[in-house]
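**Student:** Pasting upload.cif here (mmCIF, C-alpha atoms, pLDDT in the B column; chains and numbers go by the auth columns):
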data_upload
#
loop_
_atom_site.group_PDB
_atom_site.id
_atom_site.type_symbol
_atom_site.label_atom_id
_atom_site.label_comp_id
_atom_site.label_asym_id
_atom_site.label_seq_id
_atom_site.Cartn_x
_atom_site.Cartn_y
_atom_site.Cartn_z
_atom_site.B_iso_or_equiv
_atom_site.auth_seq_id
_atom_site.auth_asym_id
ATOM 1 C CA MET A 1 42.111 -61.223 1.650 89.00 1 Y
ATOM 2 C CA GLN A 2 42.345 -64.280 -0.590 91.00 2 Y
ATOM 3 C CA VAL A 3 38.652 -64.974 -0.128 94.00 3 Y
ATOM 4 C CA LEU A 4 37.812 -61.412 -1.200 94.00 4 Y
ATOM 5 C CA ILE A 5 39.906 -61.682 -4.344 95.00 5 Y
ATOM 6 C CA GLY A 6 38.499 -65.152 -5.131 95.00 6 Y
ATOM 7 C CA GLY A 7 34.948 -63.863 -4.679 96.00 7 Y
ATOM 8 C CA ALA A 8 35.559 -60.880 -6.959 96.00 8 Y
ATOM 9 C CA VAL A 9 37.060 -63.125 -9.669 96.00 9 Y
ATOM 10 C CA ALA A 10 34.113 -65.558 -9.401 97.00 10 Y
ATOM 11 C CA ALA A 11 31.596 -62.693 -9.654 97.00 11 Y
ATOM 12 C CA VAL A 12 33.295 -61.254 -12.764 96.00 12 Y
ATOM 13 C CA LEU A 13 33.503 -64.687 -14.442 96.00 13 Y
ATOM 14 C CA GLY A 14 29.845 -65.339 -13.542 95.00 14 Y
ATOM 15 C CA LEU A 15 28.779 -62.030 -15.100 95.00 15 Y
ATOM 16 C CA ILE A 16 30.782 -62.741 -18.269 96.00 16 Y
ATOM 17 C CA GLY A 17 29.340 -66.248 -18.471 94.00 17 Y
ATOM 18 C CA LEU A 18 25.807 -64.914 -17.997 93.00 18 Y
ATOM 19 C CA ILE A 19 26.318 -62.442 -20.849 94.00 19 Y
ATOM 20 C CA ILE A 20 27.824 -65.042 -23.190 96.00 20 Y
ATOM 21 C CA TRP A 21 25.320 -67.818 -22.433 95.00 21 Y
ATOM 22 C CA TRP A 22 22.218 -65.682 -21.962 94.00 22 Y
ATOM 23 C CA LYS A 23 19.987 -67.861 -24.204 94.00 23 Y
ATOM 24 C CA GLU A 24 21.105 -71.046 -22.456 93.00 24 Y
ATOM 25 C CA PHE A 25 20.464 -69.396 -19.090 92.00 25 Y
ATOM 26 C CA LEU A 26 16.925 -68.511 -20.151 93.00 26 Y
ATOM 27 C CA MET A 27 16.372 -72.090 -21.383 93.00 27 Y
ATOM 28 C CA LEU A 28 17.529 -73.434 -18.054 92.00 28 Y
ATOM 29 C CA LEU A 29 15.258 -70.972 -16.289 91.00 29 Y
ATOM 30 C CA MET A 30 12.312 -71.962 -18.496 93.00 30 Y
ATOM 31 C CA GLY A 31 12.908 -75.599 -17.623 92.00 31 Y
ATOM 32 C CA GLY A 32 13.399 -74.978 -13.930 93.00 32 Y
ATOM 33 C CA ILE A 33 10.353 -72.827 -13.213 94.00 33 Y
ATOM 34 C CA PRO A 34 7.716 -75.487 -14.051 94.00 34 Y
ATOM 35 C CA ILE A 35 9.580 -78.084 -11.996 94.00 35 Y
ATOM 36 C CA ALA A 36 9.803 -75.674 -9.061 94.00 36 Y
ATOM 37 C CA LEU A 37 6.077 -74.900 -9.348 95.00 37 Y
ATOM 38 C CA LEU A 38 5.212 -78.605 -9.539 96.00 38 Y
ATOM 39 C CA LEU A 39 7.297 -79.495 -6.502 96.00 39 Y
ATOM 40 C CA GLY A 40 6.060 -76.466 -4.551 96.00 40 Y
ATOM 41 C CA GLY A 41 2.442 -77.334 -5.345 96.00 41 Y
ATOM 42 C CA ALA A 42 2.951 -80.947 -4.275 97.00 42 Y
ATOM 43 C CA LEU A 43 4.492 -79.773 -1.021 96.00 43 Y
ATOM 44 C CA ALA A 44 1.578 -77.386 -0.391 96.00 44 Y
ATOM 45 C CA ILE A 45 -0.930 -80.191 -1.025 96.00 45 Y
ATOM 46 C CA TYR A 46 0.877 -82.486 1.407 95.00 46 Y
ATOM 47 C CA VAL A 47 1.073 -79.815 4.122 95.00 47 Y
ATOM 48 C CA GLY A 48 -2.607 -78.904 3.637 94.00 48 Y
ATOM 49 C CA TYR A 49 -3.667 -82.568 3.853 95.00 49 Y
ATOM 50 C CA ASP A 50 -1.602 -83.083 6.993 94.00 50 Y
ATOM 51 C CA GLU A 51 -3.091 -79.964 8.603 95.00 51 Y
ATOM 52 C CA MET A 52 -6.627 -81.061 7.699 95.00 52 Y
ATOM 53 C CA LYS A 53 -5.964 -84.496 9.207 94.00 53 Y
ATOM 54 C CA ASP A 54 -4.728 -82.876 12.442 93.00 54 Y
ATOM 55 C CA GLN A 55 -7.813 -80.657 12.641 94.00 55 Y
ATOM 56 C CA MET A 56 -10.114 -83.656 12.212 93.00 56 Y
ATOM 57 C CA LYS A 57 -8.224 -85.513 14.950 92.00 57 Y
ATOM 58 C CA GLU A 58 -8.546 -82.553 17.323 91.00 58 Y
ATOM 59 C CA LYS A 59 -12.265 -82.294 16.562 90.00 59 Y
ATOM 60 C CA LYS A 60 -12.797 -85.994 17.359 88.00 60 Y
ATOM 61 C CA GLU A 61 -10.858 -85.637 20.617 89.00 61 Y
ATOM 62 C CA LYS A 62 -12.954 -82.621 21.610 86.00 62 Y
ATOM 63 C CA GLU A 63 -16.182 -84.469 20.851 85.00 63 Y
ATOM 64 C CA ARG A 64 -14.986 -87.453 22.885 86.00 64 Y
ATOM 65 C CA THR A 65 -14.042 -85.172 25.780 85.00 65 Y
ATOM 66 C CA ASP A 66 -17.421 -83.418 25.627 81.00 66 Y
ATOM 67 C CA LYS A 67 -19.186 -86.779 25.610 81.00 67 Y
ATOM 68 C CA ASP A 68 -17.150 -87.960 28.615 80.00 68 Y
ATOM 69 C CA LYS A 69 -18.007 -84.760 30.477 81.00 69 Y
ATOM 70 C CA SER A 70 -21.712 -85.116 29.716 82.00 70 Y
ATOM 71 C CA ASP A 71 -21.645 -88.775 30.864 81.00 71 Y
ATOM 72 C CA GLU A 72 -19.904 -87.743 34.064 85.00 72 Y
ATOM 73 C CA LEU A 73 -22.461 -84.986 34.607 83.00 73 Y
ATOM 74 C CA ALA A 74 -25.318 -87.461 34.143 83.00 74 Y
ATOM 75 C CA LYS A 75 -23.767 -89.835 36.691 85.00 75 Y
ATOM 76 C CA THR A 76 -23.314 -86.990 39.149 88.00 76 Y
ATOM 77 C CA ARG A 77 -26.959 -85.983 38.728 87.00 77 Y
ATOM 78 C CA GLU A 78 -28.068 -89.578 39.368 87.00 78 Y
ATOM 79 C CA GLU A 79 -25.954 -89.720 42.528 87.00 79 Y
ATOM 80 C CA LEU A 80 -27.371 -86.389 43.637 87.00 80 Y
ATOM 81 C CA ALA A 81 -30.918 -87.651 43.111 87.00 81 Y
ATOM 82 C CA LYS A 82 -30.143 -90.797 45.147 87.00 82 Y
ATOM 83 C CA LEU A 83 -28.606 -88.725 47.934 86.00 83 Y
ATOM 84 C CA LYS A 84 -31.624 -86.417 47.996 87.00 84 Y
ATOM 85 C CA ALA A 85 -33.933 -89.424 48.179 86.00 85 Y
ATOM 86 C CA GLU A 86 -31.888 -90.858 51.059 85.00 86 Y
ATOM 87 C CA LEU A 87 -31.950 -87.506 52.817 83.00 87 Y
ATOM 88 C CA GLU A 88 -35.721 -87.245 52.468 83.00 88 Y
ATOM 89 C CA LYS A 89 -36.041 -90.820 53.667 82.00 89 Y
ATOM 90 C CA SER A 90 -33.837 -90.169 56.684 81.00 90 Y
ATOM 91 C CA LYS A 91 -35.832 -87.022 57.597 78.00 91 Y
ATOM 92 C CA GLU A 92 -38.998 -89.042 57.789 70.00 92 Y
#
How would this structure read if it were set down as structure tokens?
**Tutor:**
Amino acid sequence: MQVLIGGAVAAVLGLIGLIIWWKEFLMLLMGGIPIALLLGGALAIYVGYDEMKDQMKEKKEKERTDKDKSDELAKTREELAKLKAELEKSKE
């Protein structure tokens, strides 16, 4: 019950203060909006850079994996050719 009464008193005093100091509130708001935009923009730039860096890392890993697979495939083909040659040799 005390919290309810305290909240109601705080809300009424806040409304009265907002009415009395309306110009000061607008000044504070005018000063706060550019700072909020600046900080929000800096955060967005950082997050975008970090995401771009992660995408580049994933792309390099995929290329490396593809290269490893193609090297492995080439080795397997060489072994297959050797085995076929041995098979032909053993048939003769």
**Student:** So the first atom is CA of Val12 in chain Y and the second is CA of Phe25 in chain Y; what is the distance between them in Å, to one decimal place?
**Tutor:** 16.5 Å
**Student:** Could you tell me how far CA of Leu29 in chain Y sits from CA of Gly17 in chain Y, in Å to one decimal place?
**Tutor:**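 Separating CA of Gly17 in chain Y from CA of Leu29 in chain Y is a distance of 15.0 Å.
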**Student:** What is the distance between CA of Glu92 in chain Y and CA of Leu80 in chain Y, in Å to one decimal?
**Tutor:**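 Atom-to-atom, CA of Glu92 in chain Y and CA of Leu80 in chain Y are spaced 18.5 Å apart.
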